[in-house]
Amino acid sequence: MPWVERASYLERLRSVEGTGDIKVITGVRRSGKSELMKAFSAELKKRDPLSNSLYIDLLDLDNEELLEYHALHDRIAKSHKDGVRNRLFIDEVQRCEGFERAINSIHARGGWDIYLTGSNAFLLSSDLATLFTGRHREIHVLPFSFGEFRAYFGEQGAIDEELDRYIERGGLAGSYEYRDMAESYGYIRDVYRTILTRDLVQKFRLPDTLVLERLAEYMMDNAGNLNSPNSIANTIDANKVSTNHVTVGRYISHLRDAFVFYEAKRYDIKGKKYLSTQAKHYVCDTGMRYAVLGTRNMDWGRMYENSVFLELIRRGYGTYVGKLYQKEVDFVVKRGSEQVYIQVSDNVDAPETLERELAPLRAIRDAYPKVLIARTRHDDYTIDGIRVLDLARWLIGEQGF
C-alpha cells in the first residue's frame, strides 16, 4: 500500500506531544488510527533517538499475556528508564480488559507520554471522560480527504475526473487495495457491519438490530436533509418496522458515537443562537453510502455537500446549518473569531441555478465572508462580494475563503 503522510493529523499530535495528558486517537473503523500512531512513533524516535519508546500492539500474539491489566501495568512500569523521555504507545488498548485501571495508574505515577488507539466499541468519545481520571486529548481522524486520495494514487488523472472517482470510492484506504469496485464495496460493507454488530449491538446490548439497520440506511439516503428523531421514526414505522422517536434518538446517538454519522445543528443567523429543533446528519464516508445503498442513485449534489462538511471538520471548523427567516444556508462555520457562510452546489452554469444558490447568501446583512462552493471547473471569482470557488480545487486547498 502506498504511504500517505497525513500531515494535518501528525501536526495535531506534535502540538500535544510532551504534555501530561493522555492522548487518544479516535475515528471510525479503518480510518487509519493505527498507521497514524505508528508513523508518529517512528518520527519521535528519529527525532529523539535516545528516548525510551514502548510500543505495544495488543493484536500481536506475542503480547497475549498483556491482555490482563495487572500484567500490562507491570510491563509498562518495568520498562520505564530514568534520565530519558519515556513514551508509551498502545494499539487496540481495549483488548486488555480493565485497561483503564492500568493506564490511570501509570498516568498518575507520571513519567510517561501516553498515546492510545482502540476500537470505538470501548473508546467512544462519550466514554473518555469517565474512562480516564486524568486529562485526555482526543485526536480525531477521518477517512482520507480528496488530497490524500490523490496522493495515494499519484495524482494521475485530471482533477475534475478524480473528484468523482473519490466521491464514488470514498476515503477508507483499505478498500483501495481492490481494483474491482464490487470487491472494494464488499470491504467497506464488512467494516460497516462490524461497526453495527460489534461496536454498537454488542456494546449497548441493542434489542432491535433491524431498526438500527433501517435507521442507518435512512440516514445515509437522506444525508444533508433536515430531520428529527420523530420524523425518522414515523418514516421507518410507515415502512412496517415498528419503532418510536425515543429509540431512534438513542440509536442516532450511538451511530454518532461510533463516527458513522456527524451532526450539524441549526443556527439562527438573525437571532445569533443555536436551535434545538431538527438537524442534518452527514455520513462519515461517501464510499460507505454507495457500498451500503448501491449506486443506482448517485445523488452527486448531496454527496458533494457531504464532502464539504467532512472537509470543514478536518480543518477544525464548527459547522452548523444556517437559518435565516424561511431561507436555509447550507453551512455557517466558526473557528475562533472566524465565521463564514457557505452554500454548496453541483452545477451553477445555468443562470437561474446560480441565482437560486446566491439568494440565501445575499439575504445575510452582516459583514462575514460569504462563499459558494460548486463544480465550476474554473478559477475562483466574485459576484456581489460573494466568492465562488471550485469544489475540487477548494478540497485540495488551491482555492480558499
# chains A, B, ... in the order shown; residues from 1 in each chain; ligands from 1

$ select_by_dssp --residues "region 111-258 of chain A" --states "strand (DSSP E)" --output "PyMOL selection string"
chain A and resi 113-117+136-141

$ closest_atom_pairs --of "region 268-372 of chain A" --to "region 180-192 of chain A" --cutoff "7 Å" --atoms "only C-alpha atoms" --output "JSON lines"
{"residue": "A:Met288", "atom": "CA", "partner": "A:Ile188", "partner_atom": "CA", "distance": 6.1}
{"residue": "A:Ala291", "atom": "CA", "partner": "A:Tyr185", "partner_atom": "CA", "distance": 4.7}
{"residue": "A:Val292", "atom": "CA", "partner": "A:Arg189", "partner_atom": "CA", "distance": 6.3}

$ closest_residue --among "A:Leu391, A:Leu172, A:Met220, A:Leu88" --to "Asn297 (chain A)" --atoms "only C-alpha atoms"
A:Met220

$ residues_around --residues "Lys81 (chain A)" --least-positions-apart "6" --cutoff "10 Å" --atoms "only C-alpha atoms" --output "PyMOL selection string"
chain A and resi 51-53+111-112

$ write_last_selection --atoms "N, CA, C and O atoms" --output "CSV table (one decimal), in the first residue's frame"
chain,number,residue,atom,x,y,z
A,51,SER,N,15.5,8.5,23.4
A,51,SER,CA,14.3,8.3,24.2
A,51,SER,C,14.0,6.9,24.3
A,51,SER,O,14.5,6.0,23.6
A,52,ASN,N,13.1,6.6,25.3
A,52,ASN,CA,12.7,5.2,25.5
A,52,ASN,C,11.2,5.1,25.0
A,52,ASN,O,10.3,5.7,25.7
A,53,SER,N,11.0,4.4,23.9
A,53,SER,CA,9.6,4.2,23.4
A,53,SER,C,9.2,2.8,23.6
A,53,SER,O,9.9,1.8,23.2
A,111,GLY,N,5.8,10.4,34.4
A,111,GLY,CA,7.0,9.8,33.7
A,111,GLY,C,6.8,9.2,32.3
A,111,GLY,O,7.8,8.8,31.7
A,112,TRP,N,5.5,9.1,31.9
A,112,TRP,CA,5.2,8.6,30.6
A,112,TRP,C,4.4,9.6,29.7
A,112,TRP,O,3.5,10.2,30.3

$ residues_around --residues "region 143-148 of chain A" --least-positions-apart "6" --cutoff "7 Å" --atoms "only C-alpha atoms" --output "PyMOL selection string"
chain A and resi 4+31+166+171-173+285+395-396

$ write_last_selection --atoms "N, CA and C atoms" --output "compact mmCIF listing (two decimals), in the first residue's frame"
# COMPACT_ATOMS: atom_id res chain seq x y z
N VAL A 4 0.99 7.45 2.59
CA VAL A 4 0.49 8.82 2.52
C VAL A 4 0.71 9.47 3.87
N SER A 31 -10.11 3.96 9.61
CA SER A 31 -9.81 5.31 9.14
C SER A 31 -8.32 5.62 9.21
N TYR A 166 -13.21 9.87 -6.42
CA TYR A 166 -13.07 9.92 -4.96
C TYR A 166 -14.43 9.85 -4.28
N GLY A 171 -13.10 7.36 1.28
CA GLY A 171 -11.79 7.59 1.86
C GLY A 171 -11.27 6.49 2.76
N LEU A 172 -11.91 5.31 2.77
CA LEU A 172 -11.39 4.20 3.56
C LEU A 172 -10.30 3.51 2.74
N ALA A 173 -9.05 3.81 3.08
CA ALA A 173 -7.93 3.44 2.21
C ALA A 173 -7.76 1.94 2.04
N ASP A 285 -18.34 8.71 5.31
CA ASP A 285 -17.59 8.39 4.10
C ASP A 285 -18.58 8.17 2.96
N LEU A 395 -11.26 21.62 -2.15
CA LEU A 395 -11.00 20.45 -1.33
C LEU A 395 -9.52 20.18 -1.17
N ILE A 396 -8.69 20.52 -2.17
CA ILE A 396 -7.25 20.27 -2.03
C ILE A 396 -6.49 21.52 -1.60

$ closest_residue --among "A:Arg289, A:Lys23, A:Lys45, A:Lys272" --to "Arg169 (chain A)" --atoms "only C-alpha atoms"
A:Arg289

$ atom_distance --atom1 "CA of Ser242 (chain A)" --atom2 "CA of Asp221 (chain A)"
19.4 Å

$ closest_residue --among "A:Leu200, A:His136, A:Pro229, A:Val348" --to "Val16 (chain A)" --atoms "only C-alpha atoms"
A:His136

$ closest_residue --among "A:Leu324, A:Leu372, A:Leu196, A:Leu312" --to "Arg29 (chain A)" --atoms "only C-alpha atoms"
A:Leu196

$ residues_around --residues "Arg137 (chain A)" --least-positions-apart "2" --cutoff "12 Å" --atoms "only C-alpha atoms" --output "list in words"
Arg12, Leu13, Ser15, Val16, Glu17, Gly18, Thr19, Gly20, Asp21, Ile22, Lys23, Val24, Ile25, Thr26, Asp113, Ile114, Tyr115, Leu116, Ser125, Leu128, Ala129, Phe132, Gly134, Arg135, Ile139 and His140 of chain A

$ write_last_selection --atoms "N, CA and C atoms" --output "short mmCIF file (atom, residue, chain, number, x, y, z; two decimals), in the first residue's frame"
data_model
loop_
_atom_site.label_atom_id
_atom_site.label_comp_id
_atom_site.auth_asym_id
_atom_site.auth_seq_id
_atom_site.Cartn_x
_atom_site.Cartn_y
_atom_site.Cartn_z
N ARG A 12 -1.22 17.81 14.61
CA ARG A 12 -2.01 17.87 15.84
C ARG A 12 -1.35 17.04 16.95
N LEU A 13 -0.79 15.89 16.59
CA LEU A 13 -0.08 15.09 17.57
C LEU A 13 1.16 15.81 18.07
N SER A 15 1.49 18.93 18.37
CA SER A 15 1.09 20.05 19.22
C SER A 15 0.80 19.62 20.65
N VAL A 16 0.51 18.34 20.88
CA VAL A 16 0.23 17.86 22.25
C VAL A 16 1.32 16.95 22.77
N GLU A 17 2.36 16.74 21.97
CA GLU A 17 3.46 15.86 22.38
C GLU A 17 4.15 16.43 23.61
N GLY A 18 4.40 15.58 24.58
CA GLY A 18 5.10 16.00 25.79
C GLY A 18 4.21 16.57 26.87
N THR A 19 2.93 16.78 26.58
CA THR A 19 2.02 17.25 27.62
C THR A 19 1.70 16.10 28.56
N GLY A 20 1.17 16.41 29.72
CA GLY A 20 0.85 15.37 30.69
C GLY A 20 -0.47 14.68 30.44
N ASP A 21 -1.15 15.03 29.35
CA ASP A 21 -2.45 14.45 29.05
C ASP A 21 -2.31 13.08 28.40
N ILE A 22 -3.33 12.26 28.55
CA ILE A 22 -3.42 11.00 27.81
C ILE A 22 -3.95 11.33 26.42
N LYS A 23 -3.20 10.96 25.39
CA LYS A 23 -3.60 11.24 24.02
C LYS A 23 -4.34 10.03 23.44
N VAL A 24 -5.56 10.26 22.98
CA VAL A 24 -6.39 9.17 22.46
C VAL A 24 -6.75 9.47 21.01
N ILE A 25 -6.33 8.59 20.11
CA ILE A 25 -6.62 8.75 18.69
C ILE A 25 -7.93 8.02 18.39
N THR A 26 -8.94 8.77 17.96
CA THR A 26 -10.26 8.19 17.69
C THR A 26 -10.62 8.35 16.22
N ASP A 113 4.78 9.70 28.47
CA ASP A 113 3.95 10.42 27.50
C ASP A 113 3.10 9.36 26.81
N ILE A 114 1.78 9.38 26.99
CA ILE A 114 0.91 8.24 26.67
C ILE A 114 0.06 8.51 25.43
N TYR A 115 0.05 7.52 24.51
CA TYR A 115 -0.76 7.57 23.29
C TYR A 115 -1.50 6.25 23.14
N LEU A 116 -2.80 6.33 22.81
CA LEU A 116 -3.64 5.15 22.72
C LEU A 116 -4.49 5.17 21.46
N SER A 125 -16.11 8.55 22.10
CA SER A 125 -15.81 9.89 22.62
C SER A 125 -16.56 10.16 23.92
N LEU A 128 -14.71 8.72 27.13
CA LEU A 128 -13.34 9.05 27.50
C LEU A 128 -13.25 9.73 28.87
N ALA A 129 -14.16 10.66 29.14
CA ALA A 129 -14.09 11.40 30.40
C ALA A 129 -14.27 10.49 31.60
N PHE A 132 -10.90 7.79 31.86
CA PHE A 132 -9.61 8.29 32.31
C PHE A 132 -9.80 9.38 33.36
N GLY A 134 -7.42 11.26 34.64
CA GLY A 134 -6.63 12.44 34.32
C GLY A 134 -7.12 13.10 33.04
N ARG A 135 -6.52 14.22 32.69
CA ARG A 135 -6.91 14.91 31.47
C ARG A 135 -6.53 14.09 30.25
N ILE A 139 -7.53 13.15 19.54
CA ILE A 139 -7.11 13.48 18.18
C ILE A 139 -8.01 12.67 17.25
N HIS A 140 -8.93 13.37 16.60
CA HIS A 140 -9.95 12.67 15.82
C HIS A 140 -9.54 12.55 14.36
#

$ residues_around --residues "region 375-385 of chain A" --least-positions-apart "6" --cutoff "8 Å" --atoms "only C-alpha atoms" --output "ChimeraX atom specification"
/A:160,345-349,391-392,399

$ residues_around --residues "Arg256 (chain A)" --least-positions-apart "4" --cutoff "12 Å" --atoms "only C-alpha atoms" --output "VMD selection string"
chain A and resid 27 to 28 120 124 to 126 195 to 196 199 to 200 216 219 249 to 252 260 to 264 281 to 284

$ select_by_dssp --residues "region 149-236 of chain A" --states "helix (DSSP H, G or I)" --output "PyMOL selection string"
chain A and resi 149-153+159-169+173-177+181-204+209-221+229-236

$ closest_residue --among "A:Gly318, A:Gly294, A:Pro360, A:Gly301" --to "Ile269 (chain A)" --atoms "only C-alpha atoms"
A:Pro360

$ atom_distance --atom1 "CA of Glu92 (chain A)" --atom2 "CA of Arg315 (chain A)"
26.4 Å

$ closest_residue --among "A:Arg314, A:His73, A:Arg150, A:Arg205" --to "Arg335 (chain A)" --atoms "only C-alpha atoms"
A:Arg314

$ decode --residues "region 205-239 of chain A" --atoms "N, CA and C atoms" --output "PDB file, in the first residue's frame"
ATOM      1  N   ARG A 205     -25.960  -3.650  23.892  1.00  0.00           N
ATOM      2  CA  ARG A 205     -26.976  -4.711  24.008  1.00  0.00           C
ATOM      3  C   ARG A 205     -28.301  -4.251  23.379  1.00  0.00           C
ATOM      4  N   LEU A 206     -28.201  -3.782  22.157  1.00  0.00           N
ATOM      5  CA  LEU A 206     -29.382  -3.256  21.475  1.00  0.00           C
ATOM      6  C   LEU A 206     -30.328  -4.391  21.112  1.00  0.00           C
ATOM      7  N   PRO A 207     -31.588  -4.266  21.466  1.00  0.00           N
ATOM      8  CA  PRO A 207     -32.526  -5.374  21.257  1.00  0.00           C
ATOM      9  C   PRO A 207     -33.056  -5.476  19.837  1.00  0.00           C
ATOM     10  N   ASP A 208     -32.967  -4.391  19.070  1.00  0.00           N
ATOM     11  CA  ASP A 208     -33.628  -4.387  17.764  1.00  0.00           C
ATOM     12  C   ASP A 208     -32.632  -3.989  16.681  1.00  0.00           C
ATOM     13  N   THR A 209     -31.932  -4.975  16.141  1.00  0.00           N
ATOM     14  CA  THR A 209     -30.925  -4.690  15.117  1.00  0.00           C
ATOM     15  C   THR A 209     -31.559  -4.218  13.824  1.00  0.00           C
ATOM     16  N   LEU A 210     -32.796  -4.673  13.534  1.00  0.00           N
ATOM     17  CA  LEU A 210     -33.452  -4.260  12.290  1.00  0.00           C
ATOM     18  C   LEU A 210     -33.704  -2.758  12.284  1.00  0.00           C
ATOM     19  N   VAL A 211     -34.138  -2.205  13.413  1.00  0.00           N
ATOM     20  CA  VAL A 211     -34.346  -0.759  13.499  1.00  0.00           C
ATOM     21  C   VAL A 211     -33.028  -0.022  13.284  1.00  0.00           C
ATOM     22  N   LEU A 212     -31.950  -0.519  13.890  1.00  0.00           N
ATOM     23  CA  LEU A 212     -30.642   0.122  13.721  1.00  0.00           C
ATOM     24  C   LEU A 212     -30.225   0.113  12.255  1.00  0.00           C
ATOM     25  N   GLU A 213     -30.390  -1.017  11.583  1.00  0.00           N
ATOM     26  CA  GLU A 213     -30.017  -1.113  10.174  1.00  0.00           C
ATOM     27  C   GLU A 213     -30.855  -0.181   9.302  1.00  0.00           C
ATOM     28  N   ARG A 214     -32.166  -0.174   9.520  1.00  0.00           N
ATOM     29  CA  ARG A 214     -33.037   0.679   8.713  1.00  0.00           C
ATOM     30  C   ARG A 214     -32.767   2.162   8.997  1.00  0.00           C
ATOM     31  N   LEU A 215     -32.487   2.473  10.240  1.00  0.00           N
ATOM     32  CA  LEU A 215     -32.171   3.852  10.599  1.00  0.00           C
ATOM     33  C   LEU A 215     -30.903   4.314   9.893  1.00  0.00           C
ATOM     34  N   ALA A 216     -29.843   3.509   9.950  1.00  0.00           N
ATOM     35  CA  ALA A 216     -28.575   3.889   9.312  1.00  0.00           C
ATOM     36  C   ALA A 216     -28.758   4.054   7.805  1.00  0.00           C
ATOM     37  N   GLU A 217     -29.528   3.157   7.191  1.00  0.00           N
ATOM     38  CA  GLU A 217     -29.767   3.256   5.755  1.00  0.00           C
ATOM     39  C   GLU A 217     -30.566   4.517   5.423  1.00  0.00           C
ATOM     40  N   TYR A 218     -31.562   4.815   6.244  1.00  0.00           N
ATOM     41  CA  TYR A 218     -32.355   6.032   6.023  1.00  0.00           C
ATOM     42  C   TYR A 218     -31.469   7.273   6.131  1.00  0.00           C
ATOM     43  N   MET A 219     -30.608   7.313   7.136  1.00  0.00           N
ATOM     44  CA  MET A 219     -29.749   8.485   7.331  1.00  0.00           C
ATOM     45  C   MET A 219     -28.752   8.641   6.196  1.00  0.00           C
ATOM     46  N   MET A 220     -28.244   7.537   5.662  1.00  0.00           N
ATOM     47  CA  MET A 220     -27.356   7.622   4.503  1.00  0.00           C
ATOM     48  C   MET A 220     -28.097   8.152   3.286  1.00  0.00           C
ATOM     49  N   ASP A 221     -29.311   7.655   3.095  1.00  0.00           N
ATOM     50  CA  ASP A 221     -30.101   8.059   1.933  1.00  0.00           C
ATOM     51  C   ASP A 221     -30.546   9.513   2.039  1.00  0.00           C
ATOM     52  N   ASN A 222     -30.602  10.045   3.257  1.00  0.00           N
ATOM     53  CA  ASN A 222     -31.068  11.409   3.481  1.00  0.00           C
ATOM     54  C   ASN A 222     -29.983  12.307   4.057  1.00  0.00           C
ATOM     55  N   ALA A 223     -28.726  11.957   3.797  1.00  0.00           N
ATOM     56  CA  ALA A 223     -27.617  12.791   4.268  1.00  0.00           C
ATOM     57  C   ALA A 223     -27.794  14.219   3.752  1.00  0.00           C
ATOM     58  N   GLY A 224     -27.698  15.175   4.649  1.00  0.00           N
ATOM     59  CA  GLY A 224     -27.851  16.571   4.255  1.00  0.00           C
ATOM     60  C   GLY A 224     -29.268  17.078   4.296  1.00  0.00           C
ATOM     61  N   ASN A 225     -30.234  16.249   4.686  1.00  0.00           N
ATOM     62  CA  ASN A 225     -31.625  16.684   4.837  1.00  0.00           C
ATOM     63  C   ASN A 225     -31.919  16.968   6.308  1.00  0.00           C
ATOM     64  N   LEU A 226     -32.704  18.001   6.568  1.00  0.00           N
ATOM     65  CA  LEU A 226     -33.136  18.264   7.936  1.00  0.00           C
ATOM     66  C   LEU A 226     -34.080  17.157   8.396  1.00  0.00           C
ATOM     67  N   ASN A 227     -33.883  16.684   9.616  1.00  0.00           N
ATOM     68  CA  ASN A 227     -34.778  15.679  10.158  1.00  0.00           C
ATOM     69  C   ASN A 227     -34.741  15.715  11.672  1.00  0.00           C
ATOM     70  N   SER A 228     -35.582  14.920  12.290  1.00  0.00           N
ATOM     71  CA  SER A 228     -35.649  14.803  13.742  1.00  0.00           C
ATOM     72  C   SER A 228     -35.945  13.345  14.074  1.00  0.00           C
ATOM     73  N   PRO A 229     -35.652  12.895  15.306  1.00  0.00           N
ATOM     74  CA  PRO A 229     -35.986  11.512  15.675  1.00  0.00           C
ATOM     75  C   PRO A 229     -37.450  11.183  15.436  1.00  0.00           C
ATOM     76  N   ASN A 230     -38.337  12.161  15.667  1.00  0.00           N
ATOM     77  CA  ASN A 230     -39.769  11.911  15.492  1.00  0.00           C
ATOM     78  C   ASN A 230     -40.115  11.670  14.030  1.00  0.00           C
ATOM     79  N   SER A 231     -39.593  12.519  13.136  1.00  0.00           N
ATOM     80  CA  SER A 231     -39.908  12.354  11.709  1.00  0.00           C
ATOM     81  C   SER A 231     -39.302  11.073  11.151  1.00  0.00           C
ATOM     82  N   ILE A 232     -38.099  10.736  11.603  1.00  0.00           N
ATOM     83  CA  ILE A 232     -37.469   9.495  11.133  1.00  0.00           C
ATOM     84  C   ILE A 232     -38.239   8.279  11.629  1.00  0.00           C
ATOM     85  N   ALA A 233     -38.641   8.304  12.909  1.00  0.00           N
ATOM     86  CA  ALA A 233     -39.399   7.186  13.473  1.00  0.00           C
ATOM     87  C   ALA A 233     -40.698   6.974  12.703  1.00  0.00           C
ATOM     88  N   ASN A 234     -41.367   8.065  12.343  1.00  0.00           N
ATOM     89  CA  ASN A 234     -42.617   7.943  11.587  1.00  0.00           C
ATOM     90  C   ASN A 234     -42.378   7.310  10.225  1.00  0.00           C
ATOM     91  N   THR A 235     -41.278   7.679   9.579  1.00  0.00           N
ATOM     92  CA  THR A 235     -40.966   7.118   8.262  1.00  0.00           C
ATOM     93  C   THR A 235     -40.641   5.634   8.363  1.00  0.00           C
ATOM     94  N   ILE A 236     -39.801   5.272   9.328  1.00  0.00           N
ATOM     95  CA  ILE A 236     -39.432   3.861   9.493  1.00  0.00           C
ATOM     96  C   ILE A 236     -40.655   3.031   9.861  1.00  0.00           C
ATOM     97  N   ASP A 237     -41.468   3.572  10.751  1.00  0.00           N
ATOM     98  CA  ASP A 237     -42.676   2.862  11.186  1.00  0.00           C
ATOM     99  C   ASP A 237     -43.651   2.666  10.022  1.00  0.00           C
ATOM    100  N   ALA A 238     -43.713   3.664   9.142  1.00  0.00           N
ATOM    101  CA  ALA A 238     -44.608   3.562   7.981  1.00  0.00           C
ATOM    102  C   ALA A 238     -44.155   2.467   7.024  1.00  0.00           C
ATOM    103  N   ASN A 239     -42.860   2.093   7.095  1.00  0.00           N
ATOM    104  CA  ASN A 239     -42.329   1.018   6.255  1.00  0.00           C
ATOM    105  C   ASN A 239     -42.362  -0.327   6.968  1.00  0.00           C
TER     106      ASN A 239
END
